[in-house]
$ cat upload-v3.pdb   # PDB, C-alpha atoms
ATOM      1  CA  TYR A 672     115.939 164.793  86.925
ATOM      2  CA  PRO A 673     114.855 164.716  90.568
ATOM      3  CA  VAL A 674     112.802 161.614  91.332
ATOM      4  CA  ILE A 675     110.323 161.238  94.171
ATOM      5  CA  ASP A 676     109.987 158.075  96.198
ATOM      6  CA  VAL A 677     110.482 155.605  93.336
ATOM      7  CA  PRO A 678     109.992 152.000  94.536
ATOM      8  CA  SER A 679     112.930 149.639  94.120
ATOM      9  CA  ASP A 680     110.683 147.383  92.062
ATOM     10  CA  LEU A 681     109.771 149.564  89.077
ATOM     11  CA  LYS A 682     106.919 147.211  88.181
ATOM     12  CA  ASN A 683     105.094 148.545  91.219
ATOM     13  CA  ILE A 684     105.510 152.189  90.277
ATOM     14  CA  CYS A 685     101.760 152.483  89.607
ATOM     15  CA  THR A 686     101.097 151.660  93.251
ATOM     16  CA  TYR A 687     102.839 154.914  94.140
ATOM     17  CA  TYR A 688     101.114 156.576  97.067
ATOM     18  CA  SER A 689     103.188 159.262  98.736
ATOM     19  CA  THR A 690     102.603 162.823  99.833
ATOM     20  CA  LYS A 691     106.304 163.645  99.433
ATOM     21  CA  ILE A 692     105.401 165.460  96.235
ATOM     22  CA  ASN A 693     104.025 168.221  98.461
ATOM     23  CA  ASP A 694     107.655 169.045  99.339
ATOM     24  CA  PHE A 695     108.832 169.159  95.727
ATOM     25  CA  THR A 696     110.172 172.595  94.760
ATOM     26  CA  PHE A 697     108.881 172.773  91.155
ATOM     27  CA  ASP A 698     111.590 175.360  90.509
ATOM     28  CA  GLY A 699     112.888 176.284  87.073
ATOM     29  CA  SER A 700     113.872 173.274  85.005
ATOM     30  CA  ASP A 701     112.934 170.720  87.677
ATOM     31  CA  ALA A 702     110.059 169.316  85.653
ATOM     32  CA  PHE A 703     107.683 166.789  87.154
ATOM     33  CA  ASN A 704     106.109 164.446  84.610
ATOM     34  CA  GLU A 705     103.902 161.609  85.722
ATOM     35  CA  VAL A 706     104.442 158.463  83.652
ATOM     36  CA  ILE A 707     101.137 156.601  83.753
ATOM     37  CA  LEU A 708     101.233 152.957  82.711
ATOM     38  CA  PRO A 709      98.323 150.628  81.912
ATOM     39  CA  ASP A 710      96.890 149.382  85.171
ATOM     40  CA  LYS A 711      93.520 148.713  86.733
ATOM     41  CA  TYR A 712      92.734 152.019  88.441
ATOM     42  CA  CYS A 713      93.561 155.718  88.252
ATOM     43  CA  HIS A 714      92.071 158.929  89.580
ATOM     44  CA  PRO A 715      89.656 160.522  87.080
ATOM     45  CA  TYR A 716      91.431 163.352  85.260
ATOM     46  CA  PHE A 717      90.633 165.928  82.590
ATOM     47  CA  ASP A 718      92.754 168.341  80.593
ATOM     48  CA  PHE A 719      91.427 171.583  79.077
ATOM     49  CA  ASP A 720      93.547 173.506  76.553
ATOM     50  CA  HIS A 721      90.990 175.129  74.237
ATOM     51  CA  ILE A 722      89.054 177.507  76.495
ATOM     52  CA  GLU A 723      88.905 181.023  75.043
ATOM     53  CA  THR A 724      86.323 182.975  77.074
ATOM     54  CA  GLN A 725      84.947 183.485  80.572
ATOM     55  CA  GLU A 726      81.689 181.856  79.478
ATOM     56  CA  GLN A 727      83.481 178.748  78.249
ATOM     57  CA  TYR A 728      85.461 178.508  81.488
ATOM     58  CA  THR A 729      82.242 178.805  83.487
ATOM     59  CA  SER A 730      80.681 175.983  81.446
ATOM     60  CA  VAL A 731      83.655 173.770  82.352
ATOM     61  CA  ILE A 732      83.305 174.506  86.082
ATOM     62  CA  THR A 733      79.558 173.870  85.940
ATOM     63  CA  TRP A 734      80.173 170.504  84.291
ATOM     64  CA  LEU A 735      82.918 169.521  86.760
ATOM     65  CA  ASP A 736      80.648 170.408  89.684
ATOM     66  CA  SER A 737      77.951 168.155  88.208
ATOM     67  CA  LEU A 738      80.310 165.171  88.587
ATOM     68  CA  VAL A 739      81.080 165.668  92.283
ATOM     69  CA  SER A 740      78.155 163.545  93.501
ATOM     70  CA  GLU A 741      79.761 160.438  91.946
ATOM     71  CA  PHE A 742      83.421 161.444  91.485
ATOM     72  CA  GLY A 743      84.076 163.247  94.760
ATOM     73  CA  GLN A 744      85.973 166.522  95.111
ATOM     74  CA  TYR A 745      88.494 167.679  92.547
ATOM     75  CA  SER A 746      91.753 169.598  92.402
ATOM     76  CA  ILE A 747      92.041 172.211  89.669
ATOM     77  CA  GLY A 748      95.049 174.231  88.593
ATOM     78  CA  GLY A 749      96.434 176.047  85.594
ATOM     79  CA  TYR A 750      97.377 179.313  83.930
ATOM     80  CA  SER A 751      96.094 181.877  81.449
ATOM     81  CA  ASN A 752      97.378 184.803  79.431
ATOM     82  CA  ASP A 753      94.135 186.666  80.151
ATOM     83  CA  PRO A 754      94.398 188.754  83.363
ATOM     84  CA  ASN A 755      90.618 188.912  83.796
ATOM     85  CA  ILE A 756      90.193 185.136  83.633
ATOM     86  CA  CYS A 757      93.119 184.747  86.043
ATOM     87  CA  ALA A 758      91.617 187.183  88.522
ATOM     88  CA  THR A 759      88.193 185.536  88.362
ATOM     89  CA  HIS A 760      89.338 181.920  88.636
ATOM     90  CA  ASN A 761      92.646 182.214  90.513
ATOM     91  CA  LEU A 762      94.812 180.983  87.639
ATOM     92  CA  LYS A 763      98.471 181.888  87.287
ATOM     93  CA  TYR A 764      98.959 184.807  84.911
ATOM     94  CA  ILE A 765     101.573 184.101  82.232
ATOM     95  CA  THR A 766     101.736 186.998  79.800
ATOM     96  CA  ASP A 767     103.357 185.220  76.869
ATOM     97  CA  ALA A 768     101.633 181.840  77.236
ATOM     98  CA  ALA A 769     100.651 180.408  73.850
ATOM     99  CA  LYS A 770      97.329 179.094  75.140
ATOM    100  CA  LYS A 771      94.567 181.340  76.381
ATOM    101  CA  VAL A 772      93.782 178.912  79.201
ATOM    102  CA  SER A 773      95.274 175.593  80.277
ATOM    103  CA  ILE A 774      93.930 173.684  83.271
ATOM    104  CA  HIS A 775      94.333 170.193  84.720
ATOM    105  CA  VAL A 776      91.638 168.618  86.869
ATOM    106  CA  VAL A 777      92.029 165.500  89.026
ATOM    107  CA  PHE A 778      89.258 163.962  91.136
ATOM    108  CA  TYR A 779      91.560 162.849  93.929
ATOM    109  CA  GLU A 780      89.063 161.361  96.390
ATOM    110  CA  LYS A 781      88.041 158.382  94.278
ATOM    111  CA  ARG A 782      89.427 155.826  91.861
ATOM    112  CA  ILE A 783      88.060 154.728  88.512
ATOM    113  CA  LEU A 784      88.892 151.839  86.226
ATOM    114  CA  GLN A 785      91.367 153.024  83.616
ATOM    115  CA  ALA A 786      89.190 151.289  81.019
ATOM    116  CA  ASP A 787      86.209 153.398  82.141
ATOM    117  CA  MET A 788      88.307 156.568  81.976
ATOM    118  CA  MET A 789      89.257 155.768  78.376
ATOM    119  CA  GLU A 790      85.604 154.996  77.594
ATOM    120  CA  ILE A 791      84.362 158.323  78.960
ATOM    121  CA  VAL A 792      86.556 160.370  76.598
ATOM    122  CA  LYS A 793      85.976 158.152  73.559
ATOM    123  CA  LYS A 794      85.134 159.858  70.290
ATOM    124  CA  ILE A 795      83.219 158.730  67.246
ATOM    125  CA  GLY A 796      83.739 160.192  63.810
ATOM    126  CA  ASN A 797      82.287 160.338  60.338
ATOM    127  CA  GLN A 798      83.240 162.174  57.176
ATOM    128  CA  ASN A 799      81.907 165.500  58.452
ATOM    129  CA  THR A 800      82.628 165.675  62.151
ATOM    130  CA  ARG A 801      84.173 163.979  65.169
ATOM    131  CA  ARG A 802      82.383 164.116  68.486
ATOM    132  CA  PHE A 803      82.413 162.590  71.948
ATOM    133  CA  VAL A 804      80.326 159.474  72.508
ATOM    134  CA  TYR A 805      79.241 160.771  75.936
ATOM    135  CA  ASP A 806      77.936 164.170  77.034
ATOM    136  CA  ILE A 807      81.211 165.375  78.543
ATOM    137  CA  ASN A 808      82.215 169.015  78.263
ATOM    138  CA  GLU A 809      83.153 170.013  74.718
ATOM    139  CA  PHE A 810      86.469 171.573  75.836
ATOM    140  CA  VAL A 811      87.950 168.340  77.211
ATOM    141  CA  ASP A 812      91.236 167.610  75.434
ATOM    142  CA  ASP A 813      91.155 163.936  74.407
ATOM    143  CA  SER A 814      94.859 163.785  73.479
ATOM    144  CA  VAL A 815      96.000 162.765  76.986
ATOM    145  CA  TYR A 816      94.321 159.365  77.106
ATOM    146  CA  LYS A 817      96.701 156.986  75.363
ATOM    147  CA  LEU A 818      96.484 154.043  77.759
ATOM    148  CA  LYS A 819      95.707 150.826  75.918
ATOM    149  CA  HIS A 820      95.923 147.494  77.681
ATOM    150  CA  VAL A 821      96.486 145.721  74.369
ATOM    151  CA  SER A 822      99.938 147.273  74.141
ATOM    152  CA  LYS A 823     102.748 146.690  76.638
ATOM    153  CA  SER A 824     104.457 149.857  75.425
ATOM    154  CA  SER A 825     101.384 151.976  76.068
ATOM    155  CA  ARG A 826     101.894 154.860  78.470
ATOM    156  CA  GLN A 827     100.701 158.388  79.127
ATOM    157  CA  ILE A 828     103.079 161.156  80.185
ATOM    158  CA  PHE A 829     101.214 163.865  82.061
ATOM    159  CA  ARG A 830     102.943 167.031  83.230
ATOM    160  CA  HIS A 831     102.060 168.145  86.742
ATOM    161  CA  ILE A 832     100.240 171.470  86.576
ATOM    162  CA  LEU A 833     102.806 173.085  88.922
ATOM    163  CA  SER A 834     105.682 171.992  86.705
ATOM    164  CA  ASN A 835     107.321 173.779  83.799
ATOM    165  CA  LYS A 836     107.641 171.924  80.517
ATOM    166  CA  ASN A 837     111.122 170.571  80.011
ATOM    167  CA  TYR A 838     112.570 168.386  77.245
ATOM    168  CA  ARG A 839     116.088 166.990  77.110
ATOM    169  CA  GLY A 840     118.314 169.154  74.958
ATOM    170  CA  LYS A 841     115.695 171.888  74.634
ATOM    171  CA  GLU A 842     115.037 175.114  76.441
ATOM    172  CA  SER A 843     112.486 174.927  79.238
ATOM    173  CA  ILE A 844     109.017 176.355  78.635
ATOM    174  CA  TYR A 845     107.958 178.226  81.745
ATOM    175  CA  ILE A 846     104.253 177.482  81.917
ATOM    176  CA  ALA A 847     103.937 176.163  85.459
ATOM    177  CA  GLY A 848     100.460 176.944  86.716
ATOM    178  CA  GLN A 849      99.064 177.228  90.210
ATOM    179  CA  LEU A 850      96.388 175.467  92.232
ATOM    180  CA  CYS A 851      93.096 177.353  92.155
ATOM    181  CA  LYS A 852      91.410 176.176  95.344
ATOM    182  CA  PRO A 853      92.537 177.286  98.812
ATOM    183  CA  ASN A 854      94.319 174.648 100.924
ATOM    184  CA  ASP A 855      94.787 172.361  97.914
ATOM    185  CA  GLN A 856      97.957 170.245  97.712
ATOM    186  CA  PRO A 857     100.246 169.202  94.833
ATOM    187  CA  PHE A 858      99.604 165.565  95.743
ATOM    188  CA  ASN A 859      95.939 165.970  94.784
ATOM    189  CA  GLN A 860      97.019 166.460  91.165
ATOM    190  CA  ILE A 861      98.520 162.950  90.970
ATOM    191  CA  ILE A 862      96.589 160.637  88.641
ATOM    192  CA  GLN A 863      98.116 157.310  89.658
ATOM    193  CA  CYS A 864      96.632 155.608  92.683
ATOM    194  CA  ILE A 865      96.862 152.483  94.800
ATOM    195  CA  GLN A 866      95.758 149.286  93.059
ATOM    196  CA  ASP A 867      94.580 147.553  96.229
ATOM    197  CA  ASP A 868      91.311 145.628  95.796
ATOM    198  CA  SER A 869      90.874 144.759  99.469
ATOM    199  CA  SER A 870      88.424 147.663  99.647
ATOM    200  CA  THR A 871      86.717 149.137  96.605
ATOM    201  CA  ASP A 872      84.408 151.571  98.380
ATOM    202  CA  ASP A 873      86.231 154.452  96.694
ATOM    203  CA  VAL A 874      85.948 152.994  93.173
ATOM    204  CA  ILE A 875      83.486 154.811  90.926
ATOM    205  CA  SER A 876      81.050 152.278  89.505
ATOM    206  CA  ASN A 877      78.042 154.459  88.666
ATOM    207  CA  TRP A 878      79.655 157.148  86.520
ATOM    208  CA  ILE A 879      76.790 156.723  84.037
ATOM    209  CA  ASN A 880      74.610 158.522  86.602
ATOM    210  CA  VAL A 881      76.350 161.791  85.721
ATOM    211  CA  ILE A 882      77.846 161.085  82.283
ATOM    212  CA  HIS A 883      75.392 159.884  79.666
ATOM    213  CA  LYS A 884      75.779 158.333  76.257
ATOM    214  CA  LEU A 885      74.708 160.617  73.443
ATOM    215  CA  PRO A 886      72.259 159.324  70.828
ATOM    216  CA  SER A 887      73.731 158.413  67.460
ATOM    217  CA  LEU A 888      72.918 160.517  64.402
ATOM    218  CA  LYS A 889      70.395 157.853  63.370
ATOM    219  CA  GLU A 890      68.785 157.912  66.815
ATOM    220  CA  LYS A 891      68.657 161.718  66.739
ATOM    221  CA  GLU A 892      66.868 161.615  63.388
ATOM    222  CA  LYS A 893      64.383 159.106  64.788
ATOM    223  CA  GLU A 894      63.761 161.319  67.837
ATOM    224  CA  LYS A 895      63.191 164.285  65.529
ATOM    225  CA  THR A 896      60.689 162.295  63.459
ATOM    226  CA  ASN A 897      58.860 161.066  66.569
ATOM    227  CA  ALA A 898      58.661 164.606  67.933
ATOM    228  CA  LYS A 899      57.134 165.805  64.656
ATOM    229  CA  ARG A 900      54.585 162.986  64.696
ATOM    230  CA  LEU A 901      53.577 163.863  68.260
ATOM    231  CA  VAL A 902      52.931 167.401  67.045
ATOM    232  CA  ASP A 903      50.809 165.879  64.272
ATOM    233  CA  VAL A 904      48.777 164.068  66.944
ATOM    234  CA  ASP A 905      48.233 167.351  68.800
ATOM    235  CA  ASN A 906      47.130 168.976  65.549
ATOM    236  CA  GLY A 907      44.749 166.142  64.686
ATOM    237  CA  ILE A 908      46.731 165.059  61.628
ATOM    238  CA  ALA A 909      47.687 161.724  63.228
ATOM    239  CA  GLU A 910      46.349 159.472  65.962
ATOM    240  CA  VAL A 911      47.764 156.953  68.427
ATOM    241  CA  ALA A 912      46.697 153.381  67.688
ATOM    242  CA  GLY A 913      45.948 150.750  70.321
ATOM    243  CA  ASP A 914      49.497 149.368  70.099
ATOM    244  CA  GLY A 915      50.982 152.816  70.732
ATOM    245  CA  LYS A 916      52.041 153.451  67.146
ATOM    246  CA  ILE A 917      51.311 156.830  65.613
ATOM    247  CA  ILE A 918      49.213 156.564  62.476
ATOM    248  CA  THR A 919      48.788 159.417  60.032
ATOM    249  CA  LYS A 920      45.149 160.018  59.216
ATOM    250  CA  THR A 921      44.061 159.820  55.577
ATOM    251  CA  HIS A 922      42.232 162.936  54.502
ATOM    252  CA  ILE A 923      40.038 162.850  51.397
ATOM    253  CA  LYS A 924      39.791 166.166  49.680
ATOM    254  CA  ASN A 925      36.329 167.421  48.818
ATOM    255  CA  ILE A 926      36.468 167.636  45.055
ATOM    256  CA  LYS A 927      33.614 169.348  43.251
ATOM    257  CA  ILE A 928      32.856 167.882  39.831
ATOM    258  CA  ASP A 929      30.363 169.944  37.852
ATOM    259  CA  ASP A 930      30.705 168.692  34.296
ATOM    260  CA  VAL A 931      31.091 164.924  34.735
ATOM    261  CA  ASP A 932      28.278 162.372  34.833
ATOM    262  CA  PHE A 933      29.141 159.456  37.068
ATOM    263  CA  ASP A 934      27.555 156.470  38.805
ATOM    264  CA  ASP A 935      28.841 155.757  42.302
ATOM    265  CA  ASN A 936      27.473 152.184  42.287
ATOM    266  CA  LEU A 937      29.898 149.242  42.166
ATOM    267  CA  ILE A 938      31.194 148.293  38.733
ATOM    268  CA  VAL A 939      29.984 144.731  38.084
ATOM    269  CA  PHE A 940      31.291 142.833  35.042
ATOM    270  CA  ASN A 941      29.066 140.521  33.047
ATOM    271  CA  LYS A 942      30.417 137.164  31.838
ATOM    272  CA  GLU A 943      31.783 138.535  28.564
ATOM    273  CA  GLN A 944      33.548 141.455  30.261
ATOM    274  CA  MET A 945      35.062 139.213  32.932
ATOM    275  CA  MET A 946      36.424 136.781  30.350
ATOM    276  CA  GLY A 947      37.838 139.677  28.347
ATOM    277  CA  LEU A 948      39.730 140.786  31.438
ATOM    278  CA  LEU A 949      41.028 137.330  32.373
ATOM    279  CA  ASN A 950      42.161 136.531  28.838
ATOM    280  CA  LYS A 951      44.651 139.376  29.042
ATOM    281  CA  PHE A 952      46.742 137.266  31.475
ATOM    282  CA  GLU A 953      48.590 133.986  31.065
ATOM    283  CA  THR A 954      47.319 131.045  33.102
ATOM    284  CA  THR A 955      50.222 130.991  35.558
ATOM    285  CA  PHE A 956      49.945 130.265  39.257
ATOM    286  CA  GLU A 957      51.260 133.740  40.053
ATOM    287  CA  ASN A 958      48.503 135.354  37.967
ATOM    288  CA  LEU A 959      45.926 133.117  39.606
ATOM    289  CA  GLU A 960      47.167 133.768  43.135
ATOM    290  CA  LYS A 961      48.183 137.424  42.976
ATOM    291  CA  THR A 962      47.392 139.308  39.771
ATOM    292  CA  THR A 963      43.724 138.320  39.541
ATOM    293  CA  ALA A 964      43.170 138.065  43.300
ATOM    294  CA  PRO A 965      40.878 141.156  43.440
ATOM    295  CA  ILE A 966      38.329 139.234  41.358
ATOM    296  CA  ARG A 967      37.852 136.792  44.219
ATOM    297  CA  TYR A 968      36.920 139.689  46.504
ATOM    298  CA  SER A 969      34.439 141.188  44.031
ATOM    299  CA  PRO A 970      30.669 141.133  44.660
ATOM    300  CA  HIS A 971      30.253 138.216  42.198
ATOM    301  CA  THR A 972      29.108 134.831  43.440
ATOM    302  CA  GLU A 973      31.610 132.079  44.082
ATOM    303  CA  GLU A 974      29.953 129.976  41.368
ATOM    304  CA  PHE A 975      30.331 132.771  38.796
ATOM    305  CA  ILE A 976      34.019 133.289  39.626
ATOM    306  CA  LYS A 977      34.796 129.539  39.418
ATOM    307  CA  GLU A 978      33.063 129.352  36.052
ATOM    308  CA  CYS A 979      35.079 132.262  34.672
ATOM    309  CA  TYR A 980      38.379 130.876  36.006
ATOM    310  CA  THR A 981      37.652 127.462  34.476
ATOM    311  CA  GLU A 982      36.834 128.875  31.032
ATOM    312  CA  TRP A 983      39.862 131.159  31.193
ATOM    313  CA  TYR A 984      42.174 128.240  31.939
ATOM    314  CA  ILE A 985      40.674 125.956  29.253
ATOM    315  CA  CYS A 986      40.562 128.695  26.629
ATOM    316  CA  ILE A 987      44.200 129.664  27.092
ATOM    317  CA  LYS A 988      45.302 126.009  26.962
ATOM    318  CA  GLU A 989      43.341 125.315  23.775
ATOM    319  CA  CYS A 990      44.534 128.519  22.125
ATOM    320  CA  ARG A 991      48.118 127.358  22.620
TER     321      ARG A 991
END

$ encode --input "upload-v3.pdb" --output "structure tokens"
Amino acid sequence: YPVIDVPSDLKNICTYYSTKINDFTFDGSDAFNEVILPDKYCHPYFDFDHIETQEQYTSVITWLDSLVSEFGQYSIGGYSNDPNICATHNLKYITDAAKKVSIHVVFYEKRILQADMMEIVKKIGNQNTRRFVYDINEFVDDSVYKLKHVSKSSRQIFRHILSNKNYRGKESIYIAGQLCKPNDQPFNQIIQCIQDDSSTDDVISNWINVIHKLPSLKEKEKEKTNAKRLVDVDNGIAEVAGDGKIITKTHIKNIKIDDVDFDDNLIVFNKEQMMGLLNKFETTFENLEKTTAPIRYSPHTEEFIKECYTEWYICIKECR
């Protein structure tokens, strides 16, 4: 295969920085695959292979544009088998392409830590679904982020968007796309970048300003509950306490009792009734401390309560 400007020291291949790719022909079977190895920096890149409609494509562009303030300008290129989408977004029309739309995006003006790039496209899964950890566009293809610094054999092969797909011993797949923006260059679709730390002004450090972590399912449920309780406050069902906590008000229903005679005065035991109650419990410390505790908060005098406790204790001991 044709090779562009490969350094004599292959260990430095990730420091590749050459515009000679702009002169590459990208003809026929001359495939151009970028072999990305674990390193410190790369240009931010995204792959989209699951777009099916104009609306979905528009949502991708809107999201990409929202990143420009932190990521800088981007190069976008690709193809589609839909003539309307091609005409609207300047994609290459390939009639028999298997995918409705395939686009590659590289933010060529700035660098990002490879570790941050892998973090941005991270997914979390459970038994029902698998979703992105951050609020990136839902059509991002997460299969092109295989760089892991824990493995020396880790690498990511990424086909240049202007290149056809070519495998040794197999027939070429002619799906070379085209660049969508006027005056764009093939070099802007290169993901690898210089690893020089002498100046890091172009390194993206505040990507969290435009890409945000999504709440977990547990956090979402908590937000839903809090929202409901705030509605309860508005409706007078709950109130905000001094410490900021929302407390549900206790409502006592107005019950009309027509056929029951009752006395709403406090029930006060006499000595015999109190002893009858206490004698139903064993004289254990737990019963003294907890089970019979309400007696100590009754309207009886302290002297009366002590007398009853003493007789209860002595009686139980003697009965044994």

$ atom_distance --input "upload-v3.pdb" --atom1 "CA of Val804 in chain A" --atom2 "CA of Lys770 in chain A"
26.1 Å

$ closest_residue --input "upload-v3.pdb" --among "A:Gly749, A:Gly907, A:Pro754, A:Pro853" --to "Ile832 in chain A" --atoms "all atoms listed in the file"
A:Gly749

$ resolve_selection --input "upload-v3.pdb" --expression "the PyMOL selection byres ((chain A and resi 699) around 10)" --output "MDAnalysis selection string"
chainID A and resid 696:698 700:702 834:837 843:845 847

$ resolve_selection --input "upload-v3.pdb" --expression "the PyMOL selection byres ((chain A and resi 753) around 8)" --output "ChimeraX atom specification"
/A:751-752,754-757,764,766,771-772

$ atom_distance --input "upload-v3.pdb" --atom1 "CA of Ile918 in chain A" --atom2 "CA of Pro965 in chain A"
25.9 Å

$ residues_around --input "upload-v3.pdb" --residues "Ser824 in chain A" --least-positions-apart "5" --cutoff "12 Å" --atoms "all atoms listed in the file" --output "PyMOL selection string"
chain A and resi 706-709+817-819

$ residues_near_point --input "upload-v3.pdb" --point "(88.0, 176.8, 76.1)" --cutoff "9 Å" --atoms "all atoms listed in the file" --output "list in words"
Phe719, Asp720, His721, Ile722, Glu723, Thr724, Gln725, Glu726, Gln727, Tyr728, Val731, Lys771, Val772, Ser773, Glu809, Phe810 and Val811 of chain A

$ write_last_selection --input "upload-v3.pdb" --atoms "C-alpha atoms" --output "PDB file, keeping the file's coordinate frame"
ATOM      1  CA  PHE A 719      91.427 171.583  79.077  1.00  0.00           C
ATOM      2  CA  ASP A 720      93.547 173.506  76.553  1.00  0.00           C
ATOM      3  CA  HIS A 721      90.990 175.129  74.237  1.00  0.00           C
ATOM      4  CA  ILE A 722      89.054 177.507  76.495  1.00  0.00           C
ATOM      5  CA  GLU A 723      88.905 181.023  75.043  1.00  0.00           C
ATOM      6  CA  THR A 724      86.323 182.975  77.074  1.00  0.00           C
ATOM      7  CA  GLN A 725      84.947 183.485  80.572  1.00  0.00           C
ATOM      8  CA  GLU A 726      81.689 181.856  79.478  1.00  0.00           C
ATOM      9  CA  GLN A 727      83.481 178.748  78.249  1.00  0.00           C
ATOM     10  CA  TYR A 728      85.461 178.508  81.488  1.00  0.00           C
ATOM     11  CA  VAL A 731      83.655 173.770  82.352  1.00  0.00           C
ATOM     12  CA  LYS A 771      94.567 181.340  76.381  1.00  0.00           C
ATOM     13  CA  VAL A 772      93.782 178.912  79.201  1.00  0.00           C
ATOM     14  CA  SER A 773      95.274 175.593  80.277  1.00  0.00           C
ATOM     15  CA  GLU A 809      83.153 170.013  74.718  1.00  0.00           C
ATOM     16  CA  PHE A 810      86.469 171.573  75.836  1.00  0.00           C
ATOM     17  CA  VAL A 811      87.950 168.340  77.211  1.00  0.00           C
TER      18      VAL A 811
END

$ resolve_selection --input "upload-v3.pdb" --expression "the PyMOL selection byres ((chain A and resi 967-973) around 12)" --output "ChimeraX atom specification"
/A:936-942,945,959-966,974-980

$ write_last_selection --input "upload-v3.pdb" --atoms "C-alpha atoms" --output "PDB file, in the frame of the given file"
ATOM      1  CA  ASN A 936      27.473 152.184  42.287  1.00  0.00           C
ATOM      2  CA  LEU A 937      29.898 149.242  42.166  1.00  0.00           C
ATOM      3  CA  ILE A 938      31.194 148.293  38.733  1.00  0.00           C
ATOM      4  CA  VAL A 939      29.984 144.731  38.084  1.00  0.00           C
ATOM      5  CA  PHE A 940      31.291 142.833  35.042  1.00  0.00           C
ATOM      6  CA  ASN A 941      29.066 140.521  33.047  1.00  0.00           C
ATOM      7  CA  LYS A 942      30.417 137.164  31.838  1.00  0.00           C
ATOM      8  CA  MET A 945      35.062 139.213  32.932  1.00  0.00           C
ATOM      9  CA  LEU A 959      45.926 133.117  39.606  1.00  0.00           C
ATOM     10  CA  GLU A 960      47.167 133.768  43.135  1.00  0.00           C
ATOM     11  CA  LYS A 961      48.183 137.424  42.976  1.00  0.00           C
ATOM     12  CA  THR A 962      47.392 139.308  39.771  1.00  0.00           C
ATOM     13  CA  THR A 963      43.724 138.320  39.541  1.00  0.00           C
ATOM     14  CA  ALA A 964      43.170 138.065  43.300  1.00  0.00           C
ATOM     15  CA  PRO A 965      40.878 141.156  43.440  1.00  0.00           C
ATOM     16  CA  ILE A 966      38.329 139.234  41.358  1.00  0.00           C
ATOM     17  CA  GLU A 974      29.953 129.976  41.368  1.00  0.00           C
ATOM     18  CA  PHE A 975      30.331 132.771  38.796  1.00  0.00           C
ATOM     19  CA  ILE A 976      34.019 133.289  39.626  1.00  0.00           C
ATOM     20  CA  LYS A 977      34.796 129.539  39.418  1.00  0.00           C
ATOM     21  CA  GLU A 978      33.063 129.352  36.052  1.00  0.00           C
ATOM     22  CA  CYS A 979      35.079 132.262  34.672  1.00  0.00           C
ATOM     23  CA  TYR A 980      38.379 130.876  36.006  1.00  0.00           C
TER      24      TYR A 980
END

$ atom_distance --input "upload-v3.pdb" --atom1 "CA of Lys793 in chain A" --atom2 "CA of Gln827 in chain A"
15.7 Å

$ closest_residue --input "upload-v3.pdb" --among "A:Thr919, A:Asp710, A:Ser730, A:Glu892" --to "Val904 in chain A" --atoms "only C-alpha atoms"
A:Thr919

$ closest_residue --input "upload-v3.pdb" --among "A:Tyr712, A:Phe703, A:Tyr984, A:Phe695" --to "Arg830 in chain A" --atoms "all atoms listed in the file"
A:Phe703

$ closest_residue --input "upload-v3.pdb" --among "A:Met946, A:Asn761, A:Asn704, A:Val776" --to "Ile692 in chain A" --atoms "only C-alpha atoms"
A:Asn704

$ closest_residue --input "upload-v3.pdb" --among "A:Ile846, A:Ile882, A:Cys713, A:Ile908" --to "Val792 in chain A" --atoms "only C-alpha atoms"
A:Ile882
